[in-house]
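Participant: The structure that follows is given in the form of structure tokens.
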Amino acid sequence: MNLLQHLINGLILGHAYALVAIGWTVLLGVARLVNFGHGQIYMLGAFVTWWAVARLGLPYPVAIGFAIGAGLLLGLIMQAAMLRLTFEQDLVSIMIVTLGFGHVMRGVAGLVFGGNPQVLETPLSYVDFELGGAWITGQDVMIVVVAIAVFALLRFGLERGALGRTARMVAEDPKLAQLAGIDVRRVYFSVFAFEGAAVALAAALVAPRTPILTNIGFEEVIITFVVVVLGGIGSVGGSYVAGVALGMFTALFGGFVSPAYASTAAFGLLILVLVLRPGGFALGARAGR
Amino acid sequence: MTPLLEARNLRVAYAGHRALEVPHLQLAPGELVGVVGANGAGKSTLVNALLGWSRGHPRVDGQVFVRGEDVSGMATHARVARGLSLVPEGGAVFMRLTVEENLAAAGPLDGSDRPAHSLDEIYALFPRLKERLHHLASALSGGERQMLAIARALRLGPSVLLLDEPSIGLAPKLVTEVLRQVRSLVGPKLSVLLVEQNLRAAIEVVDRLVLLERGRILAEGPVAAMRDDPRILQAYLGEAVA
């Protein structure tokens with residue numbers, strides 16, 4: 001395989017990583033919260049998309065809407081269950097509760113969708129382009145385009161105007177934000193709903209690249225964690241750079257050294273970057289940016 | 001005339017221990033009332049309870065009315081929208097936002113029928129803030145932060161401004177300046193409840209004094225009648241002075 005193909009693979013993988021991680025970035029940046037059920041929302045988003053396309057016969061774009069709706073609903077349910085913990089910023093309990101939610105989601109998915117691997121076929125998977133001897137599918141192009149669009153919108157939205165200010169006020173001091181007339185409870189619900197919807201969107205776009213199983217999702221949480229930490233916690237721009245960089249590194253390491261040790265090398269890179277640059281790749285290093 | 005703020009049977013308890021018990025308290029339009037008392041008397045507990053706000057987990061009972069409307073069951077942000085505004089102890093501002101962003105973030109609330117202070121009015125009141133517009137709040141001095149915190153509260157268009165120890169950590173000259181500015185704010189549409197440890201400074205600006213001790217109102221009345229009340233000195237000095 002030529003270098004160009006590895007670079008293209010890395011670019012696509014990197015945008016997929018960034019897209020999977022964006023919900024967590026906002027969750028951490030705005031609400032100082034974590035969601036270890038993130039990977040299982042990814043899994044359910046993939047299954048819902050597959051179910052809508054394969055079982056209901058719906059067009060792929062409509063199926064993506066179904067997945068986003070399911071992710072949003074899951075985010076709201078999780079936040080409703082954890083509201084008291086959220087207000088107390090009890091991160092340890094939130095971590096355990098979200099892990100529990102992840103296992104429940106996995107069990108429910110097995111019950112509803114069965115244990116067999118499923119393949120999500122989309123019209124874009126069959127559209128190929130050749131670029132200097134390297135191949136790229138329409139689905140891959142869509143991942144890159146949507147990831148760039150989501151990051152650009154979010155960075156624009158969080159940097160300018162009232163939305164960004166509100167996010168930064170809640171991130172800095174949720175109690176004080178209440179005195180500024182902000183409905184912090186609504187902000188927390190919105191952020192969790194966004195987190196669920198964003199990861200479900202990522203699943204709907206990325207899942208056609210791999211078989212869909214109920215045990216997928218754990219790797220996505222780990223990748224998300226690496227991207228969010230490398231990017232500088234809460235930094236939207238930093239997460240984008242970190243996602244693309246991690247994808248590039250994984251593809252090039254896998255292509256030229258060993259695919260079996262790509263994850264090991266990625267964590268080695270994480271340690272190295274955090275030792276040399278504790279703030280990660282944060283651009284501006286401000287919460288919500 | 002309907003009071004701008006009224007509290008009835010306000011009780012606050014932490015982990016079952018009573019911290020405050022106020023049968024009745026009210027602020028008439030255009031009134032500046034000082035709440036004084038020794039450390040731990042329940043002054044901050046009182047203003048926090050009026051807003052349903054706390055960094056702890058108190059149990060709060062009783063009724064709070066703003067311009068005649070019962071706001072007791074409302075969350076803090078909703079009470080702010082009804083016209084209650086609190087500047088907590090230490091002049092809390094958003095440290096990672098600039099002065100300009102702090103003021104913009106506290107812009108007039110949607111749907112409010114009360115006039116909010118415009119930015120020009122804020123700069124006329126606190127010219128120093130205009131000079132420091134693009135500085136992060138974390139780079140301001142204690143006095144400037146206090147001014148910013150008050151300015152931020154005024155931008156919300158309050159009917160009642162609750163100030164918790166605005167003089168804390170300030171140089172004596174600055175205390176006089178800040179309290180004089182507070183006095184100038186009071187009018188028919190804005191009353192102020194001033195919690196103040198600095199009794200001498202408070203007496204110079206308030207209309208009425210409420211003396212708290214161990215969570216209860218020990219005495220209250222017009223400042224002229226209260227300024228020589230021995231119970232005030234007793235509360236502060238912890239010994240009978242009469």
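Simple scheme: letters A, B, ... for chains in structure tokens order, numbers from 1 for residues in each chain, numbers from 1 for ligands in the order shown.
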Just the residues within 12 Å of Val141 (chain A), please, counting only C-alpha atoms, with nothing from its chain fewer than 5 positions along; format it as a list in words.

Facilitator: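 That gives Ile8, Asn9, Leu11, Ile12, Leu13, His15, Ala16, Leu124, Ser125, Val127, Asp128, Phe129, Trp135, Ile136, Val146, Ala147, Ile148, Leu205 and Val206 of chain A.
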
Participant: With a distance threshold of 9 Å and counting only C-alpha atoms, extract the residues of chain A near chain B and express them as a VMD selection string.

Facilitator: chain A and resid 162 165 to 166 168 to 169 172 to 173 175 to 184 286

Participant: Need to verify the contact set: region 208-219 of chain A, 7 Å, only C-alpha atoms, exclusion of same-chain residues closer than 5 positions in sequence. Can you return it as a list in words?

Facilitator: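 Within the cut-off, the hits are Gly39, Gln40, Tyr42, Met43, Ala46, Phe47, Arg106, Ala109, Gly110, Gly115, Asn116, Pro117, Gln118, Val119, Leu120 and Glu121 of chain A.
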
Participant: Go ahead and compute the interatomic distance for CA of Val47 (chain B) and CA of Leu209 (chain B), in Å to one decimal.

Facilitator: 14.7 Å

Participant: Based on DSSP run over this structure's backbone, return all residues of region 72-255 of chain A in strand (DSSP E or B), as a list in words.

Facilitator: Gln118, Asp128, Phe129, Glu130, Leu131, Ala134, Trp135, Ile136, Thr137 and Ile212 of chain A

Participant: Select from region 145-193 of chain B everything DSSP, run on the backbone, classes as alpha helix (DSSP H), then give the selection as a PyMOL selection string.

Facilitator: chain B and resi 145-154+172-185

Participant: Using only C-alpha atoms, which protein or nucleic acid residues come within 7 Å of region 94-104 of chain A? Drop anything in the same chain fewer than 5 positions from it, and give the result as a PDB file with C-alpha atoms, in the first residue's frame.

Facilitator:
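For reference, around07.pdb as written:
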```pdb
ATOM      1  CA  VAL A  34     -17.902  12.566  32.031  1.00  0.00           C
ATOM      2  CA  ASN A  35     -19.937   9.813  30.423  1.00  0.00           C
ATOM      3  CA  PHE A  36     -18.446   6.340  30.407  1.00  0.00           C
ATOM      4  CA  GLY A  37     -21.602   5.075  28.692  1.00  0.00           C
ATOM      5  CA  GLN A  40     -22.578   2.143  24.326  1.00  0.00           C
ATOM      6  CA  LEU A  85     -24.943  14.152  41.175  1.00  0.00           C
TER       7      LEU A  85
END
```

Participant: Find, counting only C-alpha atoms, the residue in B:Leu129, B:Leu46, B:Ala219, B:Val160 that gets nearest to Gln146 (chain B).

Facilitator: B:Leu129

Participant: Name the residues in contact with Pro58 (chain B) at a cut-off of 12 Å, using only C-alpha atoms, excluding same-chain residues fewer than 3 positions from it; report them as a PDB file with C-alpha atoms, in the first residue's frame.

Facilitator:
```pdb
ATOM      1  CA  ARG B  11     -36.207  29.133  58.449  1.00  0.00           C
ATOM      2  CA  VAL B  12     -32.910  27.584  57.398  1.00  0.00           C
ATOM      3  CA  ALA B  13     -31.316  24.459  58.843  1.00  0.00           C
ATOM      4  CA  TYR B  14     -28.097  22.638  58.069  1.00  0.00           C
ATOM      5  CA  ALA B  15     -28.131  18.904  58.853  1.00  0.00           C
ATOM      6  CA  GLY B  16     -31.021  19.414  61.269  1.00  0.00           C
ATOM      7  CA  HIS B  17     -29.384  22.335  63.094  1.00  0.00           C
ATOM      8  CA  ARG B  18     -31.241  25.620  62.900  1.00  0.00           C
ATOM      9  CA  ALA B  19     -29.148  28.385  61.328  1.00  0.00           C
ATOM     10  CA  LEU B  20     -31.835  31.029  60.805  1.00  0.00           C
ATOM     11  CA  THR B  45     -27.585  32.541  55.348  1.00  0.00           C
ATOM     12  CA  LEU B  46     -30.436  35.075  55.265  1.00  0.00           C
ATOM     13  CA  ASN B  48     -28.812  33.248  50.336  1.00  0.00           C
ATOM     14  CA  ALA B  49     -32.125  31.831  51.569  1.00  0.00           C
ATOM     15  CA  GLY B  52     -32.849  29.999  47.249  1.00  0.00           C
ATOM     16  CA  TRP B  53     -29.122  29.853  46.668  1.00  0.00           C
ATOM     17  CA  SER B  54     -26.347  28.159  48.580  1.00  0.00           C
ATOM     18  CA  ARG B  55     -23.074  26.380  48.035  1.00  0.00           C
ATOM     19  CA  ASP B  61     -38.740  26.767  54.709  1.00  0.00           C
TER      20      ASP B  61
END
```

Participant: Any idea what's packed within 9 Å of Leu74 (chain A), counting only C-alpha atoms, ignoring anything in its chain fewer than 4 positions away? Could you give it as a list in words?

Facilitator: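 That gives Ile41, Gly69, Ala70, Met78, Gln79, Phe192, Ala193, Gly196 and Ala197 of chain A.
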
Participant: Could you turn the residues from that selection into a file that holds C-alpha atoms, as an mmCIF file, in the first residue's frame?

Facilitator:
```cif
data_model
loop_
_atom_site.group_PDB
_atom_site.id
_atom_site.type_symbol
_atom_site.label_atom_id
_atom_site.label_comp_id
_atom_site.auth_asym_id
_atom_site.auth_seq_id
_atom_site.Cartn_x
_atom_site.Cartn_y
_atom_site.Cartn_z
ATOM 1 C CA ILE A 41 -24.522 5.129 22.956
ATOM 2 C CA GLY A 69 -32.990 11.112 18.056
ATOM 3 C CA ALA A 70 -32.177 7.924 19.977
ATOM 4 C CA MET A 78 -29.095 9.688 31.719
ATOM 5 C CA GLN A 79 -29.009 13.326 32.812
ATOM 6 C CA PHE A 192 -25.990 15.692 27.799
ATOM 7 C CA ALA A 193 -28.549 15.585 24.971
ATOM 8 C CA GLY A 196 -25.773 11.573 23.073
ATOM 9 C CA ALA A 197 -26.875 12.989 19.721
#
```

Participant: Can you work out the spacing between CA of Glu131 (chain B) and CA of Thr176 (chain B) in Å, to one decimal?

Facilitator: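 Atom-to-atom, CA of Glu131 (chain B) to CA of Thr176 (chain B), that is 21.0 Å.
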
Participant: CA of Leu119 (chain B) to CA of Gly142 (chain B): how many Å, to one decimal?

Facilitator: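 Result for CA of Leu119 (chain B) versus CA of Gly142 (chain B): 21.1 Å, one decimal.
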